[in-house]
$ cat structure.pdb   # PDB, C-alpha atoms
ATOM      1  CA  MET T   1      45.406  18.642  25.369
ATOM      2  CA  ARG T   2      41.900  17.510  24.406
ATOM      3  CA  ALA T   3      42.040  13.767  24.957
ATOM      4  CA  TYR T   4      38.304  12.948  24.953
ATOM      5  CA  ILE T   5      36.375  12.773  21.700
ATOM      6  CA  GLY T   6      33.447  14.587  23.344
ATOM      7  CA  ASP T   7      35.653  17.631  23.895
ATOM      8  CA  ILE T   8      35.745  18.308  20.157
ATOM      9  CA  ALA T   9      32.169  17.280  19.275
ATOM     10  CA  LYS T  10      29.732  19.856  17.943
ATOM     11  CA  GLY T  11      25.956  19.844  18.042
ATOM     12  CA  ILE T  12      23.969  18.454  15.139
ATOM     13  CA  SER T  13      20.351  18.505  13.991
ATOM     14  CA  CYS T  14      18.374  15.411  14.907
ATOM     15  CA  MET T  15      15.274  14.124  13.105
ATOM     16  CA  LYS T  16      12.992  11.122  13.319
ATOM     17  CA  GLY T  17      13.388   8.317  10.830
ATOM     18  CA  SER T  18       9.890   9.026   9.540
ATOM     19  CA  THR T  19      10.833  12.557   8.423
ATOM     20  CA  MET T  20      10.238  12.959   4.692
ATOM     21  CA  CYS T  21      13.250  13.387   2.425
ATOM     22  CA  SER T  22      11.630  16.590   1.146
ATOM     23  CA  GLU T  23      12.007  18.103   4.653
ATOM     24  CA  VAL T  24      15.651  17.045   4.812
ATOM     25  CA  ASP T  25      16.240  18.590   1.389
ATOM     26  CA  GLU T  26      14.667  21.825   2.597
ATOM     27  CA  LEU T  27      16.849  21.815   5.720
ATOM     28  CA  PHE T  28      20.037  21.306   3.708
ATOM     29  CA  GLN T  29      18.991  24.089   1.331
ATOM     30  CA  GLN T  30      18.359  26.507   4.210
ATOM     31  CA  GLU T  31      21.623  25.640   5.979
ATOM     32  CA  PRO T  32      24.439  25.339   3.395
ATOM     33  CA  GLY T  33      27.000  24.689   6.129
ATOM     34  CA  LEU T  34      25.135  21.723   7.569
ATOM     35  CA  GLN T  35      27.050  18.570   6.619
ATOM     36  CA  GLY T  36      24.660  15.987   8.028
ATOM     37  CA  ILE T  37      21.898  15.053  10.436
ATOM     38  CA  VAL T  38      21.400  12.301  12.987
ATOM     39  CA  ILE T  39      18.291  10.146  12.792
ATOM     40  CA  MET T  40      16.936   9.431  16.276
ATOM     41  CA  ASP T  41      14.093   7.066  17.109
ATOM     42  CA  PRO T  42      13.169   5.416  20.426
ATOM     43  CA  ASP T  43      14.775   2.028  21.007
ATOM     44  CA  LYS T  44      16.997   2.374  17.924
ATOM     45  CA  GLN T  45      20.649   3.164  17.466
ATOM     46  CA  PRO T  46      21.388   6.599  15.955
ATOM     47  CA  ALA T  47      21.563   6.664  12.154
ATOM     48  CA  LEU T  48      23.487   9.218  10.088
ATOM     49  CA  MET T  49      22.546  11.055   6.917
ATOM     50  CA  THR T  50      25.358  13.110   5.392
ATOM     51  CA  ARG T  51      24.693  15.932   2.940
ATOM     52  CA  THR T  52      26.981  14.355   0.335
ATOM     53  CA  LYS T  53      25.315  10.960   0.388
ATOM     54  CA  PHE T  54      21.839  12.467   0.504
ATOM     55  CA  TYR T  55      22.384  14.341  -2.746
ATOM     56  CA  GLN T  56      24.219  11.421  -4.304
ATOM     57  CA  LYS T  57      21.024   9.403  -3.834
ATOM     58  CA  MET T  58      18.624  12.207  -4.717
ATOM     59  CA  GLY T  59      20.673  13.287  -7.716
ATOM     60  CA  THR T  60      20.455  10.046  -9.631
ATOM     61  CA  ARG T  61      18.186   9.823 -12.697
ATOM     62  CA  TYR T  62      15.101   8.754 -10.762
ATOM     63  CA  GLY T  63      16.344   9.476  -7.263
ATOM     64  CA  TYR T  64      14.374  12.619  -6.524
ATOM     65  CA  ASN T  65      11.034  11.243  -7.639
ATOM     66  CA  LEU T  66      11.767   7.948  -5.924
ATOM     67  CA  TYR T  67      12.696   9.339  -2.516
ATOM     68  CA  VAL T  68      11.289  12.859  -2.121
ATOM     69  CA  LYS T  69       8.095  11.661  -0.448
ATOM     70  CA  ARG T  70       9.646   8.766   1.419
ATOM     71  CA  PRO T  71      11.152   8.660   4.949
ATOM     72  CA  ILE T  72      14.798   9.593   5.432
ATOM     73  CA  GLU T  73      15.522   6.326   7.285
ATOM     74  CA  LEU T  74      15.595   4.600   3.896
ATOM     75  CA  LEU T  75      18.716   6.559   2.896
ATOM     76  CA  ALA T  76      20.488   7.003   6.227
ATOM     77  CA  ASN T  77      23.416   4.880   7.393
ATOM     78  CA  PRO T  78      21.811   2.738  10.125
ATOM     79  CA  SER T  79      25.090   1.927  11.875
ATOM     80  CA  PRO T  80      27.493   4.877  11.796
ATOM     81  CA  LEU T  81      30.565   4.854  14.026
ATOM     82  CA  THR T  82      29.095   5.807  17.410
ATOM     83  CA  VAL T  83      31.356   6.339  20.425
ATOM     84  CA  ASP T  84      31.114   7.435  24.029
ATOM     85  CA  PHE T  85      31.938  11.014  25.035
ATOM     86  CA  PHE T  86      34.940   9.833  27.062
ATOM     87  CA  ALA T  87      36.515   7.712  24.334
ATOM     88  CA  SER T  88      40.113   8.615  23.475
ATOM     89  CA  VAL T  89      40.595  10.833  20.432
ATOM     90  CA  ILE T  90      43.512   8.640  19.333
ATOM     91  CA  GLU T  91      41.486   5.428  19.640
ATOM     92  CA  VAL T  92      38.501   6.920  17.793
ATOM     93  CA  SER T  93      40.794   8.015  14.951
ATOM     94  CA  LYS T  94      41.961   4.397  14.572
ATOM     95  CA  TRP T  95      38.372   3.133  14.532
ATOM     96  CA  ALA T  96      37.348   5.791  12.022
ATOM     97  CA  MET T  97      40.174   4.955   9.610
ATOM     98  CA  ALA T  98      39.355   1.232   9.866
ATOM     99  CA  ARG T  99      35.851   1.753   8.427
ATOM    100  CA  PRO T 100      34.934   0.712   4.877
ATOM    101  CA  ASP T 101      36.128   3.175   2.232
ATOM    102  CA  HIS T 102      32.618   4.453   1.516
ATOM    103  CA  GLU T 103      32.209   5.451   5.203
ATOM    104  CA  VAL T 104      35.710   6.589   6.089
ATOM    105  CA  TYR T 105      34.894  10.313   5.722
ATOM    106  CA  ASP T 106      31.548  10.187   7.552
ATOM    107  CA  ASP T 107      31.156  12.089  10.821
ATOM    108  CA  VAL T 108      31.578  10.195  14.068
ATOM    109  CA  VAL T 109      28.498  10.226  16.307
ATOM    110  CA  VAL T 110      29.209  10.955  19.985
ATOM    111  CA  LYS T 111      26.893   9.857  22.783
ATOM    112  CA  LYS T 112      26.892  10.912  26.413
ATOM    113  CA  GLU T 113      24.825   9.166  29.070
ATOM    114  CA  GLY T 114      22.908   7.264  26.407
ATOM    115  CA  THR T 115      21.857  10.225  24.255
ATOM    116  CA  VAL T 116      23.406  11.830  21.181
ATOM    117  CA  TYR T 117      25.762  14.620  22.254
ATOM    118  CA  GLY T 118      27.041  15.684  18.850
ATOM    119  CA  VAL T 119      29.300  14.656  15.980
ATOM    120  CA  VAL T 120      32.948  15.023  15.042
ATOM    121  CA  SER T 121      34.001  15.541  11.448
ATOM    122  CA  ILE T 122      36.964  13.599  10.098
ATOM    123  CA  LYS T 123      38.754  16.869   9.375
ATOM    124  CA  LYS T 124      38.374  17.955  13.017
ATOM    125  CA  LEU T 125      39.346  14.494  14.256
ATOM    126  CA  LEU T 126      42.569  14.296  12.229
ATOM    127  CA  THR T 127      43.525  17.889  13.025
ATOM    128  CA  THR T 128      43.109  17.181  16.739
ATOM    129  CA  VAL T 129      45.155  13.977  16.485
ATOM    130  CA  ALA T 130      47.945  15.953  14.800
ATOM    131  CA  ASP T 131      47.793  18.594  17.566
ATOM    132  CA  ILE T 132      47.961  15.900  20.261
ATOM    133  CA  GLN T 133      50.931  14.229  18.606
ATOM    134  CA  THR T 134      52.722  17.556  18.263
ATOM    135  CA  GLU T 135      52.082  18.411  21.900
ATOM    136  CA  LEU T 136      53.126  14.953  23.043
ATOM    137  CA  ALA T 137      56.321  15.162  20.999
ATOM    138  CA  SER T 138      57.289  18.291  22.923
ATOM    139  CA  TYR T 139      57.356  16.182  26.096
ATOM    140  CA  LEU T 140      59.577  13.466  24.603
ATOM    141  CA  ASN T 141      63.348  13.372  24.410
ATOM    142  CA  PRO T 142      64.088  14.099  20.725
ATOM    143  CA  LEU T 143      66.876  11.498  20.531
ATOM    144  CA  THR T 144      65.275   8.444  22.148
ATOM    145  CA  ARG T 145      61.578   9.443  21.961
ATOM    146  CA  LEU T 146      61.245   8.527  25.621
ATOM    147  CA  PRO T 147      59.281  10.735  28.054
ATOM    148  CA  GLY T 148      61.330  13.729  29.188
ATOM    149  CA  ASN T 149      61.545  15.678  32.429
ATOM    150  CA  THR T 150      57.984  17.033  32.515
ATOM    151  CA  LEU T 151      56.404  13.584  32.185
ATOM    152  CA  ILE T 152      58.979  12.080  34.547
ATOM    153  CA  ASP T 153      58.133  14.620  37.243
ATOM    154  CA  GLU T 154      54.389  14.092  36.755
ATOM    155  CA  ASN T 155      54.627  10.305  36.940
ATOM    156  CA  LEU T 156      56.930  10.316  39.948
ATOM    157  CA  ALA T 157      54.690  12.736  41.827
ATOM    158  CA  ALA T 158      51.612  10.647  40.968
ATOM    159  CA  SER T 159      53.331   7.440  42.138
ATOM    160  CA  VAL T 160      54.296   8.995  45.472
ATOM    161  CA  GLU T 161      50.777  10.362  45.894
ATOM    162  CA  GLN T 162      49.340   6.839  45.614
ATOM    163  CA  ARG T 163      51.464   5.821  48.632
ATOM    164  CA  GLN T 164      52.051   2.339  47.226
ATOM    165  CA  PRO T 165      55.544   0.755  47.169
ATOM    166  CA  PHE T 166      57.458   1.124  43.912
ATOM    167  CA  THR T 167      61.082   0.936  42.819
ATOM    168  CA  PHE T 168      62.863   3.930  41.296
ATOM    169  CA  LEU T 169      65.929   3.226  39.153
ATOM    170  CA  TYR T 170      68.316   6.058  38.286
ATOM    171  CA  ILE T 171      70.463   4.844  35.369
ATOM    172  CA  ASP T 172      73.622   6.541  34.153
ATOM    173  CA  LEU T 173      76.413   5.749  31.679
ATOM    174  CA  ASP T 174      79.843   6.114  33.281
ATOM    175  CA  ARG T 175      82.611   7.894  31.332
ATOM    176  CA  PHE T 176      80.253   8.613  28.452
ATOM    177  CA  LYS T 177      81.810  12.057  27.873
ATOM    178  CA  ALA T 178      85.194  10.500  27.115
ATOM    179  CA  TYR T 179      83.576   8.154  24.608
ATOM    180  CA  ASN T 180      81.667  11.023  22.995
ATOM    181  CA  ASP T 181      84.840  13.116  22.709
ATOM    182  CA  SER T 182      86.832  10.233  21.207
ATOM    183  CA  TYR T 183      84.296   8.697  18.833
ATOM    184  CA  GLY T 184      82.150  11.717  18.028
ATOM    185  CA  PHE T 185      78.582  12.831  18.718
ATOM    186  CA  LYS T 186      77.043  10.558  16.084
ATOM    187  CA  LYS T 187      78.421   7.402  17.696
ATOM    188  CA  GLY T 188      77.564   8.806  21.123
ATOM    189  CA  ASP T 189      73.962   9.328  20.059
ATOM    190  CA  GLU T 190      73.830   5.805  18.652
ATOM    191  CA  LEU T 191      75.059   4.428  21.990
ATOM    192  CA  LEU T 192      72.337   6.324  23.848
ATOM    193  CA  GLN T 193      69.667   5.086  21.434
ATOM    194  CA  ALA T 194      70.912   1.511  21.797
ATOM    195  CA  THR T 195      70.835   1.877  25.594
ATOM    196  CA  ALA T 196      67.245   3.112  25.367
ATOM    197  CA  SER T 197      66.365   0.034  23.306
ATOM    198  CA  ILE T 198      67.813  -2.234  25.999
ATOM    199  CA  LEU T 199      65.771  -0.467  28.662
ATOM    200  CA  ARG T 200      62.617  -0.772  26.589
ATOM    201  CA  SER T 201      63.182  -4.506  26.185
ATOM    202  CA  CYS T 202      63.689  -4.949  29.928
ATOM    203  CA  PHE T 203      60.586  -2.976  30.875
ATOM    204  CA  GLU T 204      57.966  -3.947  28.321
ATOM    205  CA  ARG T 205      55.314  -4.378  31.035
ATOM    206  CA  THR T 206      52.651  -1.709  30.739
ATOM    207  CA  ASP T 207      52.776  -0.732  34.414
ATOM    208  CA  SER T 208      56.420   0.361  34.184
ATOM    209  CA  PHE T 209      57.473   3.907  33.336
ATOM    210  CA  LEU T 210      60.683   4.624  31.437
ATOM    211  CA  GLY T 211      62.020   8.139  30.971
ATOM    212  CA  HIS T 212      65.080   9.922  29.576
ATOM    213  CA  ILE T 213      66.200  12.811  31.787
ATOM    214  CA  GLY T 214      68.694  13.943  29.176
ATOM    215  CA  GLY T 215      72.246  13.170  28.135
ATOM    216  CA  ASP T 216      73.170   9.741  29.471
ATOM    217  CA  ASP T 217      70.699   9.716  32.382
ATOM    218  CA  PHE T 218      67.564   7.548  32.385
ATOM    219  CA  ILE T 219      64.974   6.604  35.000
ATOM    220  CA  VAL T 220      62.612   3.688  35.432
ATOM    221  CA  MET T 221      59.715   3.242  37.862
ATOM    222  CA  ILE T 222      58.318  -0.232  38.459
ATOM    223  CA  PRO T 223      55.628  -1.362  40.923
ATOM    224  CA  GLY T 224      56.783  -3.281  43.993
ATOM    225  CA  GLU T 225      60.325  -4.310  44.844
ATOM    226  CA  GLU T 226      61.218  -6.919  42.217
ATOM    227  CA  TYR T 227      64.124  -5.175  40.486
ATOM    228  CA  GLU T 228      67.119  -7.548  40.602
ATOM    229  CA  PRO T 229      66.334  -9.611  37.454
ATOM    230  CA  ALA T 230      65.784  -6.465  35.390
ATOM    231  CA  CYS T 231      68.959  -4.765  36.672
ATOM    232  CA  SER T 232      71.032  -7.882  35.983
ATOM    233  CA  SER T 233      69.586  -8.121  32.483
ATOM    234  CA  ILE T 234      70.335  -4.458  31.753
ATOM    235  CA  ILE T 235      73.958  -4.863  32.854
ATOM    236  CA  ARG T 236      74.471  -8.083  30.902
ATOM    237  CA  GLN T 237      72.974  -6.662  27.700
ATOM    238  CA  PHE T 238      74.757  -3.334  28.026
ATOM    239  CA  ASP T 239      78.197  -4.873  28.614
ATOM    240  CA  ASP T 240      77.706  -7.012  25.499
ATOM    241  CA  LEU T 241      76.442  -4.036  23.519
ATOM    242  CA  VAL T 242      79.130  -1.524  24.451
ATOM    243  CA  ARG T 243      81.914  -3.715  23.038
ATOM    244  CA  THR T 244      80.424  -3.211  19.573
ATOM    245  CA  PHE T 245      80.946   0.540  19.936
ATOM    246  CA  TYR T 246      84.735   0.356  20.402
ATOM    247  CA  SER T 247      87.627  -0.522  18.119
ATOM    248  CA  GLU T 248      89.312  -3.874  18.657
ATOM    249  CA  GLU T 249      92.382  -2.059  19.991
ATOM    250  CA  HIS T 250      90.380  -0.298  22.700
ATOM    251  CA  ILE T 251      88.581  -3.507  23.619
ATOM    252  CA  GLN T 252      91.887  -5.333  24.052
ATOM    253  CA  GLN T 253      93.511  -2.634  26.186
ATOM    254  CA  ARG T 254      90.192  -1.916  28.019
ATOM    255  CA  PHE T 255      90.678   1.845  27.998
ATOM    256  CA  ILE T 256      90.920   4.833  25.689
ATOM    257  CA  TYR T 257      93.384   7.674  25.950
ATOM    258  CA  ALA T 258      91.233  10.766  26.300
ATOM    259  CA  GLU T 259      90.921  14.144  27.991
ATOM    260  CA  ASN T 260      89.381  14.073  31.473
ATOM    261  CA  ARG T 261      87.140  16.745  33.009
ATOM    262  CA  LYS T 262      90.224  18.629  34.205
ATOM    263  CA  GLY T 263      91.535  18.950  30.675
ATOM    264  CA  GLN T 264      94.284  16.379  31.197
ATOM    265  CA  PHE T 265      94.809  13.322  28.977
ATOM    266  CA  GLU T 266      94.786   9.975  30.712
ATOM    267  CA  GLU T 267      93.731   6.356  30.394
ATOM    268  CA  ILE T 268      89.958   6.217  30.778
ATOM    269  CA  ALA T 269      88.106   2.921  31.173
ATOM    270  CA  LEU T 270      85.418   1.872  28.723
ATOM    271  CA  VAL T 271      81.832   3.007  29.284
ATOM    272  CA  SER T 272      79.898   1.069  31.909
ATOM    273  CA  ILE T 273      76.392   1.447  33.304
ATOM    274  CA  SER T 274      75.398   2.370  36.860
ATOM    275  CA  ILE T 275      71.949   1.791  38.333
ATOM    276  CA  ALA T 276      70.945   3.389  41.626
ATOM    277  CA  VAL T 277      67.998   1.560  43.192
ATOM    278  CA  VAL T 278      65.547   3.229  45.580
ATOM    279  CA  THR T 279      62.493   1.424  46.883
ATOM    280  CA  TYR T 280      59.773   3.880  47.840
ATOM    281  CA  THR T 281      57.484   3.286  50.795
ATOM    282  CA  PRO T 282      55.378   5.969  52.520
ATOM    283  CA  GLU T 283      57.288   5.322  55.755
ATOM    284  CA  ALA T 284      60.697   5.935  54.157
ATOM    285  CA  PHE T 285      60.015   8.957  51.928
ATOM    286  CA  GLY T 286      57.723  11.925  52.327
ATOM    287  CA  SER T 287      57.983  13.378  48.818
ATOM    288  CA  ALA T 288      59.137  12.795  45.252
ATOM    289  CA  GLU T 289      62.053  15.159  45.874
ATOM    290  CA  GLU T 290      63.325  12.928  48.668
ATOM    291  CA  VAL T 291      63.250   9.903  46.359
ATOM    292  CA  VAL T 292      65.274  11.734  43.706
ATOM    293  CA  LYS T 293      67.761  13.046  46.250
ATOM    294  CA  GLU T 294      68.412   9.566  47.635
ATOM    295  CA  ALA T 295      68.693   8.088  44.135
ATOM    296  CA  THR T 296      71.245  10.752  43.221
ATOM    297  CA  ARG T 297      73.294   9.943  46.324
ATOM    298  CA  ARG T 298      73.286   6.229  45.571
ATOM    299  CA  LYS T 299      74.174   6.855  41.947
ATOM    300  CA  SER T 300      77.314   8.751  42.996
ATOM    301  CA  ILE T 301      78.365   5.742  45.091
ATOM    302  CA  CYS T 302      77.667   3.362  42.232
ATOM    303  CA  LYS T 303      79.707   5.427  39.753
ATOM    304  CA  LYS T 304      82.882   4.996  41.804
ATOM    305  CA  ARG T 305      83.132   1.468  40.464
ATOM    306  CA  MET T 306      84.764   0.842  37.088
ATOM    307  CA  GLU T 307      82.398  -2.042  36.302
ATOM    308  CA  SER T 308      78.717  -1.917  35.508
ATOM    309  CA  CYS T 309      76.733  -2.351  38.710
ATOM    310  CA  PHE T 310      73.546  -1.567  40.599
ATOM    311  CA  TYR T 311      73.407  -0.244  44.130
ATOM    312  CA  THR T 312      70.709  -0.476  46.762
ATOM    313  CA  GLU T 313      70.649   0.921  50.279
ATOM    314  CA  SER T 314      72.785  -1.885  51.687
ATOM    315  CA  PHE T 315      74.747  -3.677  48.983
ATOM    316  CA  LEU T 316      76.378  -3.455  45.599
ATOM    317  CA  ILE T 317      75.915  -6.111  42.928
ATOM    318  CA  ILE T 318      78.111  -6.393  39.832
TER     319      ILE T 318
END
$ encode --input "structure.pdb" --output "structure tokens"
Amino acid sequence: MRAYIGDIAKGISCMKGSTMCSEVDELFQQEPGLQGIVIMDPDKQPALMTRTKFYQKMGTRYGYNLYVKRPIELLANPSPLTVDFFASVIEVSKWAMARPDHEVYDDVVVKKEGTVYGVVSIKKLLTTVADIQTELASYLNPLTRLPGNTLIDENLAASVEQRQPFTFLYIDLDRFKAYNDSYGFKKGDELLQATASILRSCFERTDSFLGHIGGDDFIVMIPGEEYEPACSSIIRQFDDLVRTFYSEEHIQQRFIYAENRKGQFEEIALVSISIAVVTYTPEAFGSAEEVVKEATRRKSICKKRMESCFYTESFLII
């Protein structure tokens, strides 16, 4: 994935501002594929002269006679969108589209270490943005649009590599299969999407990472060890939410009659949420795999309860 604008820049002809318009005309005539030039002068910001705007000016009634023997700096845009090589393609696309209408299709000038590196056409910029979005979408869970397993693995490995304490939450919906079987996949998907919305609201901070493993399993990574308020909020919001997904009859009796994993019909409690909590420190865990293994073990303990809860290494809170 090409994330830097400089990665998609191409070289461009540079001229001094004192260059006569007749020379620019000759250059454009000799190179039909050349869409513009950059005007470079010492102690000045780069200016841009596009082919289209050059001939718009020169093609007016008196334009040719007026400008042919005059310097190109008179016609060039003195303040084109100019960005650093390492600027994000996505950010540059936003800046480019925010320009005045008469400049929105102009090339973007790219500088590296203080000198002009090249330009990026709007066509190339928007095509690259589309490619990035398509590639990114392949890493997201299609239902919740949260990062999927590839991004989860990468972020967990990177967090462990930094050897700084963080908290890993493994979140699971208990008895979700029974709900899905009874109410149908559409309602099941809606419950998962609503759960994802709760998690987003609880972890809006930019230094948190929220992912969707698949099915009814989610993970969250947050810096440090301050997890109790967030876990309590998740449980409170989820328990309020889940009641809206059941009929009044099921809410009153607090169970549904459904088929269990052994193929037998029985009373199955309403869906609850389990949160396994693992606090990573370099002394306690040697790898990302060890963190996941311990979280999985704690989740299995947590799921034995009928109520929503979160479980740490020493106690269970409901």
$ resolve_selection --input "structure.pdb" --expression "the PyMOL selection byres ((chain T and resi 109-111) around 12)" --output "NGL selection string"
:T and (4-14 or 36-40 or 45-50 or 77-89 or 92 or 96 or 106-108 or 112-122 or 125)
$ atom_distance --input "structure.pdb" --atom1 "CA of Lys304 (chain T)" --atom2 "CA of Leu241 (chain T)"
21.4 Å
$ closest_residue --input "structure.pdb" --among "T:Met20, T:Val104, T:Leu34, T:Ala284" --to "Tyr67 (chain T)" --atoms "all atoms listed in the file"
T:Met20
$ residues_around --input "structure.pdb" --residues "Arg254 (chain T)" --least-positions-apart "2" --cutoff "10 Å" --atoms "only C-alpha atoms" --output "ChimeraX atom specification"
/T:243,246,248-252,256,267-271
$ atom_distance --input "structure.pdb" --atom1 "CA of Lys187 (chain T)" --atom2 "CA of Asp153 (chain T)"
29.1 Å
$ resolve_selection --input "structure.pdb" --expression "the PyMOL selection byres ((chain T and resi 168) around 10)" --output "list in words"
Leu156, Pro165, Phe166, Thr167, Leu169, Tyr170, Ile171, Phe209, Ile219, Val220, Met221, Ile222, Pro223, Gly224, Glu225, Tyr227, Ile275, Ala276, Val277, Val278, Thr279, Tyr280, Val291, Val292 and Ala295 of chain T
$ closest_residue --input "structure.pdb" --among "T:Met306, T:Gly215, T:Ile90, T:Glu161" --to "Asp131 (chain T)" --atoms "all atoms listed in the file"
T:Ile90
$ residues_around --input "structure.pdb" --residues "Ser22 (chain T)" --least-positions-apart "5" --cutoff "10 Å" --atoms "all atoms listed in the file" --output "list in words"
Leu27, Phe28, Tyr64, Tyr67, Val68, Lys69, Arg70, Pro71 and Ile72 of chain T
$ residues_around --input "structure.pdb" --residues "Ile213 (chain T)" --least-positions-apart "2" --cutoff "7 Å" --atoms "only C-alpha atoms" --output "ChimeraX atom specification"
/T:148-149,211,217-218
$ write_last_selection --input "structure.pdb" --atoms "C-alpha atoms" --output "short mmCIF file (atom, residue, chain, number, x, y, z; two decimals), in the coordinates of the input"
data_model
loop_
_atom_site.label_atom_id
_atom_site.label_comp_id
_atom_site.auth_asym_id
_atom_site.auth_seq_id
_atom_site.Cartn_x
_atom_site.Cartn_y
_atom_site.Cartn_z
CA GLY T 148 61.33 13.73 29.19
CA ASN T 149 61.54 15.68 32.43
CA GLY T 211 62.02 8.14 30.97
CA ASP T 217 70.70 9.72 32.38
CA PHE T 218 67.56 7.55 32.38
#
$ build_atoms --input "structure.pdb" --residues "region 38-44 of chain T" --atoms "all heavy atoms" --output "PDB file, in the frame of the given file"
ATOM      1  N   VAL T  38      21.503  13.591  12.301  1.00  0.00           N
ATOM      2  CA  VAL T  38      21.400  12.301  12.987  1.00  0.00           C
ATOM      3  C   VAL T  38      19.925  11.911  13.044  1.00  0.00           C
ATOM      4  O   VAL T  38      19.066  12.735  13.348  1.00  0.00           O
ATOM      5  CB  VAL T  38      21.991  12.367  14.404  1.00  0.00           C
ATOM      6  CG1 VAL T  38      21.655  11.111  15.208  1.00  0.00           C
ATOM      7  CG2 VAL T  38      23.509  12.539  14.339  1.00  0.00           C
ATOM      8  N   ILE T  39      19.658  10.665  12.742  1.00  0.00           N
ATOM      9  CA  ILE T  39      18.291  10.146  12.792  1.00  0.00           C
ATOM     10  C   ILE T  39      18.106   9.455  14.136  1.00  0.00           C
ATOM     11  O   ILE T  39      18.816   8.491  14.460  1.00  0.00           O
ATOM     12  CB  ILE T  39      18.035   9.139  11.656  1.00  0.00           C
ATOM     13  CG1 ILE T  39      18.495   9.723  10.306  1.00  0.00           C
ATOM     14  CG2 ILE T  39      16.580   8.746  11.626  1.00  0.00           C
ATOM     15  CD1 ILE T  39      17.871  11.035   9.943  1.00  0.00           C
ATOM     16  N   MET T  40      17.168   9.959  14.932  1.00  0.00           N
ATOM     17  CA  MET T  40      16.936   9.431  16.276  1.00  0.00           C
ATOM     18  C   MET T  40      15.511   8.922  16.422  1.00  0.00           C
ATOM     19  O   MET T  40      14.554   9.644  16.149  1.00  0.00           O
ATOM     20  CB  MET T  40      17.189  10.529  17.317  1.00  0.00           C
ATOM     21  CG  MET T  40      18.666  10.881  17.498  1.00  0.00           C
ATOM     22  SD  MET T  40      19.556   9.590  18.379  1.00  0.00           S
ATOM     23  CE  MET T  40      18.748   9.651  19.973  1.00  0.00           C
ATOM     24  N   ASP T  41      15.393   7.659  16.814  1.00  0.00           N
ATOM     25  CA  ASP T  41      14.093   7.066  17.109  1.00  0.00           C
ATOM     26  C   ASP T  41      14.207   6.253  18.388  1.00  0.00           C
ATOM     27  O   ASP T  41      15.273   5.682  18.672  1.00  0.00           O
ATOM     28  CB  ASP T  41      13.632   6.147  15.972  1.00  0.00           C
ATOM     29  CG  ASP T  41      13.149   6.927  14.758  1.00  0.00           C
ATOM     30  OD1 ASP T  41      12.295   7.806  14.940  1.00  0.00           O
ATOM     31  OD2 ASP T  41      13.648   6.658  13.650  1.00  0.00           O
ATOM     32  N   PRO T  42      13.133   6.194  19.185  1.00  0.00           N
ATOM     33  CA  PRO T  42      13.169   5.416  20.426  1.00  0.00           C
ATOM     34  C   PRO T  42      13.553   3.957  20.158  1.00  0.00           C
ATOM     35  O   PRO T  42      13.127   3.370  19.167  1.00  0.00           O
ATOM     36  CB  PRO T  42      11.734   5.531  20.958  1.00  0.00           C
ATOM     37  CG  PRO T  42      11.188   6.762  20.331  1.00  0.00           C
ATOM     38  CD  PRO T  42      11.828   6.839  18.978  1.00  0.00           C
ATOM     39  N   ASP T  43      14.381   3.441  21.053  1.00  0.00           N
ATOM     40  CA  ASP T  43      14.775   2.028  21.007  1.00  0.00           C
ATOM     41  C   ASP T  43      15.572   1.656  19.753  1.00  0.00           C
ATOM     42  O   ASP T  43      15.657   0.484  19.377  1.00  0.00           O
ATOM     43  CB  ASP T  43      13.552   1.108  21.105  1.00  0.00           C
ATOM     44  CG  ASP T  43      12.739   1.373  22.374  1.00  0.00           C
ATOM     45  OD1 ASP T  43      13.368   1.613  23.419  1.00  0.00           O
ATOM     46  OD2 ASP T  43      11.504   1.357  22.293  1.00  0.00           O
ATOM     47  N   LYS T  44      16.150   2.644  19.083  1.00  0.00           N
ATOM     48  CA  LYS T  44      16.997   2.374  17.924  1.00  0.00           C
ATOM     49  C   LYS T  44      18.339   3.089  18.080  1.00  0.00           C
ATOM     50  O   LYS T  44      18.426   4.139  18.723  1.00  0.00           O
ATOM     51  CB  LYS T  44      16.319   2.851  16.628  1.00  0.00           C
ATOM     52  CG  LYS T  44      15.144   2.030  16.183  1.00  0.00           C
ATOM     53  CD  LYS T  44      14.650   2.513  14.821  1.00  0.00           C
ATOM     54  CE  LYS T  44      13.485   1.685  14.320  1.00  0.00           C
ATOM     55  NZ  LYS T  44      13.005   2.130  12.981  1.00  0.00           N
TER      56      LYS T  44
END
